[in-house]
>>> print(open('model.cif').read())   # mmCIF, C-alpha atoms (C1' of nucleotides)
data_model
#
loop_
_atom_site.label_atom_id
_atom_site.label_comp_id
_atom_site.auth_asym_id
_atom_site.auth_seq_id
_atom_site.Cartn_x
_atom_site.Cartn_y
_atom_site.Cartn_z
CA MET A 30 -87.86 -56.82 42.09
CA THR A 31 -87.28 -57.33 38.40
CA ASP A 32 -89.95 -54.73 37.89
CA SER A 33 -88.25 -52.16 40.03
CA ILE A 34 -84.90 -52.76 38.38
CA GLU A 35 -86.43 -52.47 34.94
CA LYS A 36 -88.36 -49.46 36.08
CA GLY A 37 -85.19 -47.95 37.45
CA ALA A 38 -83.35 -48.69 34.25
CA ALA A 39 -86.19 -47.40 32.19
CA LYS A 40 -86.36 -44.26 34.26
CA LYS A 41 -82.64 -43.69 33.95
CA GLY A 42 -82.69 -44.44 30.27
CA GLY A 43 -85.78 -42.32 30.03
CA LYS A 44 -84.15 -39.32 31.57
CA ARG A 45 -80.96 -39.63 29.63
CA GLN A 46 -82.96 -40.09 26.47
CA ARG A 47 -85.12 -37.08 27.26
CA LEU A 48 -82.00 -35.01 27.79
CA VAL A 49 -80.52 -36.08 24.46
CA ALA A 50 -83.77 -35.40 22.63
CA ALA A 51 -84.10 -32.01 24.29
CA ALA A 52 -80.47 -31.19 23.54
CA ALA A 53 -80.90 -32.09 19.88
CA SER A 54 -83.87 -29.78 19.38
CA VAL A 55 -82.89 -26.91 21.66
CA LEU A 56 -79.32 -26.77 20.33
CA HIS A 57 -80.74 -26.71 16.81
CA GLU A 58 -83.17 -23.91 17.61
CA ARG A 59 -81.05 -21.70 19.84
CA GLY A 60 -77.54 -22.66 18.76
CA VAL A 61 -74.77 -24.16 20.88
CA GLU A 62 -73.41 -21.02 22.48
CA ARG A 63 -76.75 -19.41 23.29
CA THR A 64 -78.13 -22.60 24.82
CA THR A 65 -77.58 -23.06 28.55
CA ILE A 66 -77.65 -26.31 30.46
CA ALA A 67 -80.71 -24.91 32.17
CA ASP A 68 -82.48 -24.53 28.81
CA ILE A 69 -81.94 -28.19 28.01
CA ALA A 70 -82.87 -29.34 31.51
CA ARG A 71 -86.12 -27.38 31.34
CA ALA A 72 -87.02 -28.80 27.93
CA ALA A 73 -86.28 -32.33 29.19
CA ASP A 74 -88.13 -31.70 32.47
CA VAL A 75 -85.07 -32.65 34.51
CA PRO A 76 -83.72 -30.65 37.47
CA VAL A 77 -80.87 -28.43 36.38
CA GLY A 78 -78.13 -29.72 38.65
CA ASN A 79 -79.08 -33.30 37.89
CA VAL A 80 -77.93 -32.99 34.29
CA TYR A 81 -74.35 -33.46 35.41
CA TYR A 82 -75.12 -36.93 36.63
CA TYR A 83 -75.71 -37.95 33.01
CA PHE A 84 -73.31 -35.63 31.21
CA LYS A 85 -70.10 -34.40 32.77
CA THR A 86 -69.85 -31.32 30.54
CA LYS A 87 -71.94 -29.27 28.17
CA ASP A 88 -69.81 -30.54 25.28
CA GLU A 89 -70.85 -34.10 26.06
CA LEU A 90 -74.44 -33.03 25.58
CA VAL A 91 -73.54 -31.39 22.27
CA GLU A 92 -71.82 -34.58 21.17
CA ALA A 93 -74.83 -36.67 22.16
CA ALA A 94 -77.13 -34.37 20.19
CA LEU A 95 -74.88 -34.66 17.14
CA ASP A 96 -74.85 -38.46 17.48
CA ARG A 97 -78.60 -38.36 17.50
CA HIS A 98 -78.68 -36.44 14.23
CA ALA A 99 -76.24 -39.00 12.82
CA GLU A 100 -78.55 -41.83 13.90
CA TYR A 101 -81.47 -40.12 12.21
CA LEU A 102 -79.41 -39.84 9.05
CA ASP A 103 -78.42 -43.51 9.18
CA ALA A 104 -82.02 -44.53 9.66
CA LEU A 105 -83.04 -42.40 6.71
CA THR A 106 -80.43 -43.78 4.31
CA ALA A 107 -81.20 -47.34 5.50
CA ARG A 108 -84.83 -46.75 4.59
CA LEU A 109 -83.86 -45.30 1.22
CA ASP A 110 -81.56 -48.26 0.55
CA GLU A 111 -84.65 -50.44 0.35
CA LEU A 112 -85.61 -48.72 -2.88
CA ALA A 113 -84.36 -50.65 -5.90
CA ASP A 114 -83.35 -47.69 -8.07
CA PRO A 115 -80.52 -45.41 -6.87
CA ARG A 116 -82.13 -42.59 -8.79
CA GLU A 117 -85.31 -43.03 -6.75
CA ARG A 118 -83.22 -43.08 -3.58
CA LEU A 119 -81.73 -39.70 -4.39
CA LYS A 120 -85.08 -38.24 -5.35
CA SER A 121 -86.58 -39.53 -2.10
CA LEU A 122 -83.73 -37.93 -0.20
CA VAL A 123 -84.51 -34.60 -1.83
CA ALA A 124 -88.20 -35.11 -1.06
CA ASP A 125 -87.27 -35.64 2.57
CA TRP A 126 -85.35 -32.36 2.59
CA VAL A 127 -88.27 -30.49 1.07
CA GLY A 128 -90.65 -32.15 3.52
CA ALA A 129 -88.69 -30.60 6.38
CA ARG A 130 -88.86 -27.15 4.81
CA GLN A 131 -90.72 -25.45 7.65
CA VAL A 132 -88.02 -26.34 10.14
CA ALA A 133 -85.25 -25.60 7.63
CA ALA A 134 -86.72 -22.18 6.88
CA ARG A 135 -86.58 -21.29 10.56
CA TYR A 136 -83.49 -23.01 11.93
CA GLY A 137 -81.58 -24.44 8.96
CA CYS A 138 -80.16 -27.95 8.65
CA PRO A 139 -79.47 -29.33 12.15
CA THR A 140 -76.11 -30.80 11.20
CA GLY A 141 -75.10 -27.96 8.88
CA THR A 142 -75.75 -25.18 11.38
CA LEU A 143 -74.05 -27.22 14.09
CA ALA A 144 -71.05 -27.56 11.78
CA VAL A 145 -70.95 -23.78 11.30
CA GLU A 146 -70.81 -23.20 15.03
CA LEU A 147 -68.34 -25.96 15.85
CA ASP A 148 -66.09 -24.90 12.96
CA LYS A 149 -65.41 -21.64 14.78
CA ARG A 150 -63.63 -23.58 17.50
CA ASP A 151 -60.10 -24.87 17.28
CA GLU A 152 -59.97 -27.01 20.37
CA GLY A 153 -62.00 -29.48 22.33
CA GLY A 154 -61.97 -32.15 19.66
CA LEU A 155 -65.56 -31.36 18.77
CA ASP A 156 -64.63 -28.83 16.10
CA LEU A 157 -64.65 -31.39 13.28
CA ALA A 158 -67.36 -33.71 14.61
CA ALA A 159 -70.23 -32.31 12.55
CA GLY A 160 -68.09 -32.51 9.43
CA LEU A 161 -67.77 -36.28 9.92
CA VAL A 162 -71.56 -36.64 9.87
CA ILE A 163 -71.79 -34.59 6.69
CA ARG A 164 -69.04 -36.76 5.23
CA ARG A 165 -71.19 -39.85 5.88
CA LEU A 166 -74.01 -38.32 3.86
CA LEU A 167 -71.62 -37.34 1.07
CA ASP A 168 -70.32 -40.91 0.86
CA TRP A 169 -73.80 -42.38 0.70
CA VAL A 170 -74.84 -39.97 -2.08
CA GLU A 171 -71.64 -40.72 -3.97
CA ARG A 172 -72.45 -44.46 -3.86
CA GLN A 173 -75.82 -43.77 -5.45
CA TYR A 174 -74.30 -41.84 -8.33
CA ARG A 175 -71.66 -44.52 -8.77
CA GLU A 176 -74.34 -47.21 -8.87
CA MET A 177 -76.12 -45.18 -11.52
CA GLY A 178 -72.94 -45.24 -13.57
CA ALA A 179 -72.66 -41.46 -13.54
CA ASP A 180 -69.31 -39.81 -14.15
CA GLU A 181 -67.60 -37.94 -11.31
CA PRO A 182 -69.82 -39.41 -8.59
CA ASP A 183 -67.90 -37.57 -5.87
CA GLY A 184 -68.23 -34.22 -7.62
CA ARG A 185 -71.95 -34.81 -8.08
CA ALA A 186 -72.32 -35.73 -4.42
CA LEU A 187 -70.63 -32.47 -3.44
CA ALA A 188 -72.99 -30.57 -5.70
CA LEU A 189 -76.12 -32.24 -4.32
CA VAL A 190 -75.28 -32.04 -0.63
CA GLY A 191 -73.85 -28.56 -1.16
CA ALA A 192 -77.10 -27.49 -2.79
CA TYR A 193 -78.99 -28.83 0.21
CA GLN A 194 -76.84 -26.92 2.68
CA GLY A 195 -77.06 -23.80 0.54
CA MET A 196 -80.82 -23.88 0.13
CA SER A 197 -81.28 -24.53 3.85
CA LEU A 198 -79.11 -21.55 4.70
CA LEU A 199 -80.84 -19.26 2.21
CA SER A 200 -84.29 -20.40 3.22
CA SER A 201 -83.61 -19.74 6.90
CA ALA A 202 -81.75 -16.47 6.29
CA LEU A 203 -84.69 -15.22 4.21
CA ARG A 204 -87.30 -17.05 6.27
CA ASP A 205 -88.82 -18.53 3.13
CA PRO A 206 -89.73 -22.25 2.98
CA GLU A 207 -90.62 -21.88 -0.69
CA ILE A 208 -86.90 -21.75 -1.44
CA MET A 209 -86.71 -25.38 -0.33
CA THR A 210 -89.56 -26.31 -2.66
CA ARG A 211 -88.15 -24.51 -5.69
CA GLU A 212 -84.61 -25.73 -5.24
CA GLY A 213 -85.81 -29.24 -4.46
CA ALA A 214 -87.73 -29.33 -7.73
CA ARG A 215 -84.63 -28.20 -9.60
CA LEU A 216 -82.51 -30.92 -7.98
CA VAL A 217 -85.05 -33.57 -8.91
CA ARG A 218 -85.03 -32.34 -12.52
CA GLU A 219 -81.24 -32.60 -12.58
CA ILE A 220 -81.31 -36.15 -11.21
CA ASP A 221 -83.89 -37.10 -13.80
CA ALA A 222 -81.83 -35.52 -16.56
CA LEU A 223 -78.92 -37.82 -15.85
CA ALA A 224 -78.54 -40.31 -18.69
CA MET B 27 -55.28 24.16 15.99
CA THR B 28 -56.69 22.74 12.79
CA ASP B 29 -54.06 20.10 13.01
CA SER B 30 -55.04 18.99 16.48
CA ILE B 31 -58.71 18.89 15.54
CA GLU B 32 -57.95 16.86 12.45
CA LYS B 33 -55.64 14.69 14.42
CA GLY B 34 -58.33 14.20 17.04
CA ALA B 35 -60.89 13.37 14.40
CA ALA B 36 -58.47 11.08 12.64
CA LYS B 37 -57.62 9.34 15.86
CA LYS B 38 -61.28 8.89 16.73
CA GLY B 39 -62.11 7.75 13.24
CA GLY B 40 -59.05 5.57 13.33
CA LYS B 41 -60.09 3.86 16.51
CA ARG B 42 -63.65 3.37 15.46
CA GLN B 43 -62.50 2.05 12.14
CA ARG B 44 -60.03 -0.28 13.80
CA LEU B 45 -62.79 -1.57 16.02
CA VAL B 46 -65.08 -2.24 13.06
CA ALA B 47 -62.31 -3.99 11.12
CA ALA B 48 -61.39 -6.07 14.16
CA ALA B 49 -65.04 -6.92 14.80
CA ALA B 50 -65.52 -8.04 11.21
CA SER B 51 -62.61 -10.46 11.26
CA VAL B 52 -62.84 -11.71 14.86
CA LEU B 53 -66.60 -12.27 14.66
CA HIS B 54 -66.06 -14.20 11.44
CA GLU B 55 -63.33 -16.36 12.96
CA ARG B 56 -64.74 -16.97 16.43
CA GLY B 57 -68.45 -16.47 15.85
CA VAL B 58 -70.73 -13.92 17.50
CA GLU B 59 -71.47 -15.72 20.75
CA ARG B 60 -67.94 -16.89 21.46
CA THR B 61 -66.46 -13.47 20.79
CA THR B 62 -66.18 -11.12 23.75
CA ILE B 63 -65.85 -7.36 23.66
CA ALA B 64 -62.37 -7.91 25.08
CA ASP B 65 -61.42 -10.08 22.05
CA ILE B 66 -62.38 -7.30 19.67
CA ALA B 67 -60.73 -4.60 21.77
CA ARG B 68 -57.50 -6.60 21.88
CA ALA B 69 -57.51 -7.17 18.12
CA ALA B 70 -58.13 -3.46 17.54
CA ASP B 71 -55.55 -2.46 20.15
CA VAL B 72 -58.09 -0.39 22.05
CA PRO B 73 -58.56 -0.52 25.83
CA VAL B 74 -61.46 -2.79 26.74
CA GLY B 75 -63.66 -0.36 28.60
CA ASN B 76 -63.16 2.27 25.93
CA VAL B 77 -65.11 0.27 23.38
CA TYR B 78 -68.34 1.49 24.90
CA TYR B 79 -67.50 5.03 23.96
CA TYR B 80 -67.84 4.03 20.31
CA PHE B 81 -70.48 1.30 20.54
CA LYS B 82 -73.17 1.24 23.20
CA THR B 83 -73.71 -2.53 23.00
CA LYS B 84 -72.10 -5.63 21.60
CA ASP B 85 -74.92 -5.89 19.06
CA GLU B 86 -73.97 -2.49 17.65
CA LEU B 87 -70.53 -3.90 16.95
CA VAL B 88 -72.06 -6.93 15.26
CA GLU B 89 -74.20 -4.65 13.12
CA ALA B 90 -71.18 -2.55 12.18
CA ALA B 91 -69.27 -5.69 11.19
CA LEU B 92 -72.18 -6.83 9.04
CA ASP B 93 -72.38 -3.40 7.41
CA ARG B 94 -68.72 -3.71 6.57
CA HIS B 95 -69.30 -7.03 4.83
CA ALA B 96 -72.15 -5.40 2.94
CA GLU B 97 -69.86 -2.57 1.86
CA TYR B 98 -67.31 -5.09 0.63
CA LEU B 99 -70.02 -6.80 -1.36
CA ASP B 100 -71.20 -3.52 -2.88
CA ALA B 101 -67.65 -2.63 -3.85
CA LEU B 102 -67.24 -6.04 -5.45
CA THR B 103 -70.42 -5.88 -7.52
CA ALA B 104 -69.64 -2.29 -8.52
CA ARG B 105 -66.28 -3.48 -9.83
CA LEU B 106 -67.92 -6.38 -11.66
CA ASP B 107 -70.49 -4.03 -13.18
CA GLU B 108 -67.68 -2.46 -15.16
CA LEU B 109 -67.40 -5.65 -17.21
CA ALA B 110 -69.45 -5.44 -20.40
CA ASP B 111 -70.73 -9.02 -20.46
CA PRO B 112 -73.05 -10.16 -17.63
CA ARG B 113 -71.75 -13.69 -18.16
CA GLU B 114 -68.22 -12.46 -17.44
CA ARG B 115 -69.50 -10.67 -14.34
CA LEU B 116 -70.92 -13.89 -12.95
CA LYS B 117 -67.79 -15.85 -13.79
CA SER B 118 -65.66 -13.20 -12.10
CA LEU B 119 -67.88 -13.41 -9.05
CA VAL B 120 -67.29 -17.15 -8.88
CA ALA B 121 -63.55 -16.57 -9.37
CA ASP B 122 -63.65 -14.21 -6.42
CA TRP B 123 -65.30 -16.89 -4.28
CA VAL B 124 -62.70 -19.45 -5.27
CA GLY B 125 -59.92 -16.94 -4.65
CA ALA B 126 -61.04 -16.68 -1.03
CA ARG B 127 -61.02 -20.47 -0.62
CA GLN B 128 -58.45 -20.60 2.17
CA VAL B 129 -60.55 -18.39 4.41
CA ALA B 130 -63.77 -20.13 3.36
CA ALA B 131 -62.28 -23.54 4.13
CA ARG B 132 -61.50 -22.42 7.64
CA TYR B 133 -64.29 -20.04 8.65
CA GLY B 134 -66.92 -20.20 5.92
CA CYS B 135 -68.60 -17.26 4.20
CA PRO B 136 -68.55 -14.25 6.55
CA THR B 137 -72.13 -13.25 5.82
CA GLY B 138 -73.46 -16.80 5.57
CA THR B 139 -72.07 -17.95 8.90
CA LEU B 140 -73.22 -14.72 10.50
CA ALA B 141 -76.69 -15.40 9.11
CA VAL B 142 -76.66 -18.88 10.66
CA GLU B 143 -75.87 -17.47 14.07
CA LEU B 144 -78.25 -14.52 13.93
CA ASP B 145 -81.05 -16.76 12.63
CA LYS B 146 -81.07 -18.58 15.94
CA ARG B 147 -82.29 -15.41 17.62
CA ASP B 148 -85.83 -14.17 17.59
CA GLU B 149 -85.36 -10.75 19.11
CA GLY B 150 -83.11 -7.73 19.00
CA GLY B 151 -83.93 -6.85 15.41
CA LEU B 152 -80.60 -8.23 14.23
CA ASP B 153 -81.97 -11.70 13.54
CA LEU B 154 -82.79 -10.93 9.90
CA ALA B 155 -80.00 -8.44 9.20
CA ALA B 156 -77.60 -10.88 7.52
CA GLY B 157 -80.45 -12.15 5.36
CA LEU B 158 -80.86 -8.66 3.92
CA VAL B 159 -77.23 -8.60 2.80
CA ILE B 160 -77.63 -12.00 1.14
CA ARG B 161 -80.78 -10.70 -0.52
CA ARG B 162 -78.74 -7.87 -2.04
CA LEU B 163 -76.37 -10.39 -3.62
CA LEU B 164 -79.29 -12.49 -4.87
CA ASP B 165 -80.84 -9.45 -6.54
CA TRP B 166 -77.59 -8.51 -8.25
CA VAL B 167 -77.08 -12.04 -9.56
CA GLU B 168 -80.68 -12.15 -10.75
CA ARG B 169 -80.10 -8.94 -12.74
CA GLN B 170 -77.16 -10.55 -14.51
CA TYR B 171 -79.19 -13.58 -15.57
CA ARG B 172 -82.02 -11.31 -16.68
CA GLU B 173 -79.63 -9.24 -18.74
CA MET B 174 -78.40 -12.44 -20.36
CA GLY B 175 -81.97 -13.23 -21.32
CA ALA B 176 -81.97 -16.45 -19.30
CA ASP B 177 -85.26 -17.95 -18.21
CA GLU B 178 -86.11 -18.00 -14.49
CA PRO B 179 -83.44 -15.51 -13.50
CA ASP B 180 -84.55 -15.57 -9.85
CA GLY B 181 -84.40 -19.36 -9.68
CA ARG B 182 -80.94 -19.33 -11.22
CA ALA B 183 -79.78 -16.70 -8.74
CA LEU B 184 -80.99 -18.88 -5.88
CA ALA B 185 -79.11 -21.84 -7.33
CA LEU B 186 -75.86 -19.91 -7.80
CA VAL B 187 -75.80 -18.15 -4.44
CA GLY B 188 -77.07 -21.31 -2.76
CA ALA B 189 -74.23 -23.28 -4.34
CA TYR B 190 -71.78 -20.71 -2.97
CA GLN B 191 -73.16 -20.95 0.55
CA GLY B 192 -73.26 -24.73 0.32
CA MET B 193 -69.72 -25.14 -0.94
CA SER B 194 -68.43 -22.70 1.69
CA LEU B 195 -70.15 -24.69 4.43
CA LEU B 196 -68.89 -28.04 3.13
CA SER B 197 -65.39 -26.78 2.57
CA SER B 198 -65.14 -25.42 6.11
CA ALA B 199 -66.87 -28.43 7.71
CA LEU B 200 -64.42 -30.74 5.93
CA ARG B 201 -61.53 -28.27 6.08
CA ASP B 202 -60.90 -28.71 2.37
CA PRO B 203 -60.30 -25.65 0.15
CA GLU B 204 -60.27 -27.90 -2.92
CA ILE B 205 -64.04 -28.14 -2.60
CA MET B 206 -64.20 -24.46 -3.47
CA THR B 207 -62.04 -25.03 -6.54
CA ARG B 208 -64.00 -28.02 -7.82
CA GLU B 209 -67.42 -26.52 -7.23
CA GLY B 210 -66.30 -23.19 -8.65
CA ALA B 211 -65.21 -24.89 -11.86
CA ARG B 212 -68.59 -26.61 -12.11
CA LEU B 213 -70.44 -23.31 -11.64
CA VAL B 214 -68.35 -21.67 -14.37
CA ARG B 215 -69.15 -24.56 -16.72
CA GLU B 216 -72.86 -24.11 -16.01
CA ILE B 217 -72.69 -20.38 -16.69
CA ASP B 218 -70.86 -21.04 -19.95
CA ALA B 219 -73.41 -23.68 -20.95
CA LEU B 220 -76.22 -21.13 -20.85
CA ALA B 221 -77.36 -20.40 -24.39
"C1'" DG C 7 -62.27 12.52 24.86
"C1'" DT C 8 -59.84 8.45 27.05
"C1'" DC C 9 -59.38 4.88 30.13
"C1'" DT C 10 -59.67 2.18 34.84
"C1'" DA C 11 -62.03 -0.01 38.12
"C1'" DT C 12 -65.88 -2.31 39.22
"C1'" DA C 13 -70.78 -3.40 39.54
"C1'" DG C 14 -74.21 -6.71 38.21
"C1'" DT C 15 -75.47 -10.79 36.10
"C1'" DA C 16 -75.46 -15.27 34.03
"C1'" DT C 17 -73.44 -19.60 33.45
"C1'" DG C 18 -70.77 -24.01 33.93
"C1'" DA C 19 -69.68 -26.99 37.26
"C1'" DT C 20 -69.40 -29.17 42.02
"C1'" DA C 21 -70.19 -30.60 46.85
"C1'" DG C 22 -72.92 -32.86 49.55
"C1'" DA C 23 -77.77 -33.60 51.65
"C1'" DC C 24 -81.34 -36.91 51.05
"C1'" DG D 7 -79.41 -42.62 42.27
"C1'" DT D 8 -81.59 -37.95 42.69
"C1'" DC D 9 -81.62 -33.26 43.51
"C1'" DT D 10 -80.57 -28.58 45.98
"C1'" DA D 11 -77.61 -25.16 47.14
"C1'" DT D 12 -73.78 -22.85 45.95
"C1'" DC D 13 -69.11 -21.72 44.21
"C1'" DA D 14 -66.11 -19.81 40.79
"C1'" DT D 15 -65.71 -17.63 36.78
"C1'" DA D 16 -66.45 -14.79 32.74
"C1'" DC D 17 -68.81 -11.42 30.61
"C1'" DT D 18 -71.54 -7.03 29.48
"C1'" DA D 19 -72.05 -2.68 30.80
"C1'" DT D 20 -71.46 1.54 33.67
"C1'" DA D 21 -69.68 5.08 36.85
"C1'" DG D 22 -66.46 8.14 37.33
"C1'" DA D 23 -61.26 9.47 37.59
"C1'" DC D 24 -58.09 11.73 34.63
#
>>> encode(input="model.cif", output="structure tokens")
Amino acid sequence: MTDSIEKGAAKKGGKRQRLVAAAASVLHERGVERTTIADIARAADVPVGNVYYYFKTKDELVEAALDRHAEYLDALTARLDELADPRERLKSLVADWVGARQVAARYGCPTGTLAVELDKRDEGGLDLAAGLVIRRLLDWVERQYREMGADEPDGRALALVGAYQGMSLLSSALRDPEIMTREGARLVREIDALA
Amino acid sequence: MTDSIEKGAAKKGGKRQRLVAAAASVLHERGVERTTIADIARAADVPVGNVYYYFKTKDELVEAALDRHAEYLDALTARLDELADPRERLKSLVADWVGARQVAARYGCPTGTLAVELDKRDEGGLDLAAGLVIRRLLDWVERQYREMGADEPDGRALALVGAYQGMSLLSSALRDPEIMTREGARLVREIDALA
DNA sequence: GTCTATAGTATGATAGAC
DNA sequence: GTCTATCATACTATAGAC
């Protein structure tokens, strides 16, 4: 009995989780507006009509996918926080960006491209959601610069995260992962150059 | 008779031109996928069904809008080319970006956000079109750095245009035009700092 | 050359069987 | 709790009247 309940729970959680994972990747690859519920259901191997048992609207799926990207970001910064030197944390962050260059060169930054699409809305309450996730990253980067004793930590955070969004956009627009490598190397040099 | 022909031509040209102008601004504000033919027709004050006399498909309208952004860019660089000093040309380019900060903070860079949307396609031949326009800007910027005798002119062009795309994305995601001002000032300082 | 009416299709969402 | 069948709607595109 316990087994069947756990199995049921696991299955439910499993399906919901599969849907969220599928939403995160399909929405990233195809974009919000081009992606249909059917696309996500297929990728998650869930019957189309059944999706609405877990998510009442398409926007709820978009929100869940965004939350998932936010969780990934939190996990990443938590891992970086274990490094003693804030400078090393920032350089590891850049290394992470460069490591994802193949995906970036094809589909851009998941959160950044989502922000571009959601920004074009002016209703639904989801129009600013991606911006909040980016803001979390900005704040974390700013803390690192502050801990390093750098001047204008917020301006430097803008420059670093902005460079990431810019190089992701350029590398996907030009379909060239090398842009991530080159720009990443430049960012590392700049971090190293800080007194 | 000449009058009526000219009037006819002017009216046709006028309508087509109105459609292109409307497409450029509406596609920028609402995005490609969320924009309907009816949206563009309404903005251009042209009857909905009549659009197809001028453009066979929606994608042709998107292409025309992109071409218009490219023309704007060409006109801008041609104007900047009249300045004697390549350093002044780059600083004027940045000033132009900052001058458009209100639009950028709401809808991002027209070409950049178009690139993000078109990148999510993998058919239709329009998926790389926005990238080509960005490439034109990159090449122009690279020429300026080369003329200044700077090392790695292509890397510097990537950094400058990337910074522009990044700050546009951040400023629209966070709905903060001041980001354009701050980052613009930083870019000008960097250009000035070049030996 | 201009515009209306409408066909054809795809999608988000729901009702209800199992 | 799961899934199928289907509705309602919105959109692209076309046929054809004027």
>>> interface_residues(input="model.cif", of="chain C", to="chain A", cutoff="10 Å", atoms="only C-alpha atoms (C1' of nucleotides)", output="ChimeraX atom specification")
/C:16-20
>>> resolve_selection(input="model.cif", expression="the PyMOL selection byres ((chain D) within 10 of (chain B))", output="ChimeraX atom specification")
/D:16-20
>>> residues_around(input="model.cif", residues="range 194-204 of chain A", least_positions_apart="4", cutoff="8 Å", atoms="all atoms listed in the file", output="VMD selection string")
(chain A and resid 133 to 138 141 190 208 to 209 212) or (chain B and resid 138 141 to 142 145 154 156 to 158 160 to 161 184 to 185 187 to 193 195)
>>> atom_distance(input="model.cif", atom1="CA of Gly213 in chain A", atom2="CA of Ala124 in chain A")
7.2 Å
>>> residues_around(input="model.cif", residues="Val61 in chain A", least_positions_apart="6", cutoff="9 Å", atoms="only C-alpha atoms (C1' of nucleotides)", output="list in words")
Val55, Val91, Leu143, Glu146 and Leu147 of chain A
>>> write_last_selection(input="model.cif", atoms="C-alpha atoms", output="tab-separated table (two decimals), keeping the file's coordinate frame")
chain	number	residue	atom	x	y	z
A	55	VAL	CA	-82.89	-26.91	21.66
A	91	VAL	CA	-73.54	-31.39	22.27
A	143	LEU	CA	-74.05	-27.22	14.09
A	146	GLU	CA	-70.81	-23.20	15.03
A	147	LEU	CA	-68.34	-25.96	15.85
>>> residues_around(input="model.cif", residues="Tyr83 in chain A", least_positions_apart="4", cutoff="12 Å", atoms="all atoms listed in the file", output="VMD selection string")
(chain A and resid 41 to 49 70 75 to 79 87 89 to 90 93) or (chain D and resid 7 to 8)
>>> resolve_selection(input="model.cif", expression="the PyMOL selection byres ((chain D and resi 22) around 10)", output="PDB file with C-alpha atoms (C1' of nucleotides), in the coordinates of the input")
ATOM      1  C1'  DT C  10     -59.670   2.180  34.840  1.00  0.00           C
ATOM      2  C1'  DA C  11     -62.030  -0.010  38.120  1.00  0.00           C
TER       3       DA C  11
ATOM      4  C1'  DT D  20     -71.460   1.540  33.670  1.00  0.00           C
ATOM      5  C1'  DA D  21     -69.680   5.080  36.850  1.00  0.00           C
ATOM      6  C1'  DA D  23     -61.260   9.470  37.590  1.00  0.00           C
ATOM      7  C1'  DC D  24     -58.090  11.730  34.630  1.00  0.00           C
TER       8       DC D  24
END
>>> atom_distance(input="model.cif", atom1="CA of Gly151 in chain B", atom2="CA of Asp85 in chain B")
9.8 Å
>>> atom_distance(input="model.cif", atom1="CA of Asp103 in chain A", atom2="CA of Val80 in chain A")
27.2 Å
>>> closest_residue(input="model.cif", among="A:Arg150, A:Arg130, A:Arg118, A:Arg71", to="chain B", atoms="all atoms listed in the file")
A:Arg150
>>> closest_residue(input="model.cif", among="A:Asp68, A:Asp125, A:Asp183, A:Glu92", to="chain B", atoms="all atoms listed in the file")
A:Asp183
>>> build_atoms(input="model.cif", residues="range 55-66 of chain A", atoms="N, CA and C atoms", output="compact mmCIF listing (two decimals), in the frame of the given file")
# COMPACT_ATOMS: atom_id res chain seq x y z
N VAL A 55 -83.20 -28.26 21.15
CA VAL A 55 -82.89 -26.91 21.66
C VAL A 55 -81.60 -26.37 21.06
N LEU A 56 -80.58 -27.23 20.93
CA LEU A 56 -79.32 -26.77 20.33
C LEU A 56 -79.55 -26.36 18.89
N HIS A 57 -80.43 -27.06 18.20
CA HIS A 57 -80.74 -26.71 16.81
C HIS A 57 -81.43 -25.35 16.75
N GLU A 58 -82.37 -25.13 17.67
CA GLU A 58 -83.17 -23.91 17.61
C GLU A 58 -82.45 -22.68 18.13
N ARG A 59 -81.70 -22.86 19.21
CA ARG A 59 -81.05 -21.70 19.84
C ARG A 59 -79.57 -21.60 19.53
N GLY A 60 -78.98 -22.66 19.00
CA GLY A 60 -77.54 -22.66 18.76
C GLY A 60 -76.78 -23.13 19.99
N VAL A 61 -75.56 -23.59 19.79
CA VAL A 61 -74.77 -24.16 20.88
C VAL A 61 -74.45 -23.12 21.95
N GLU A 62 -73.93 -21.99 21.52
CA GLU A 62 -73.41 -21.02 22.48
C GLU A 62 -74.52 -20.31 23.25
N ARG A 63 -75.65 -20.10 22.61
CA ARG A 63 -76.75 -19.41 23.29
C ARG A 63 -77.53 -20.35 24.20
N THR A 64 -77.38 -21.65 24.00
CA THR A 64 -78.13 -22.60 24.82
C THR A 64 -77.42 -22.85 26.14
N THR A 65 -78.15 -22.76 27.24
CA THR A 65 -77.58 -23.06 28.55
C THR A 65 -78.03 -24.46 28.98
N ILE A 66 -77.26 -25.02 29.90
CA ILE A 66 -77.65 -26.31 30.46
C ILE A 66 -79.07 -26.23 31.00
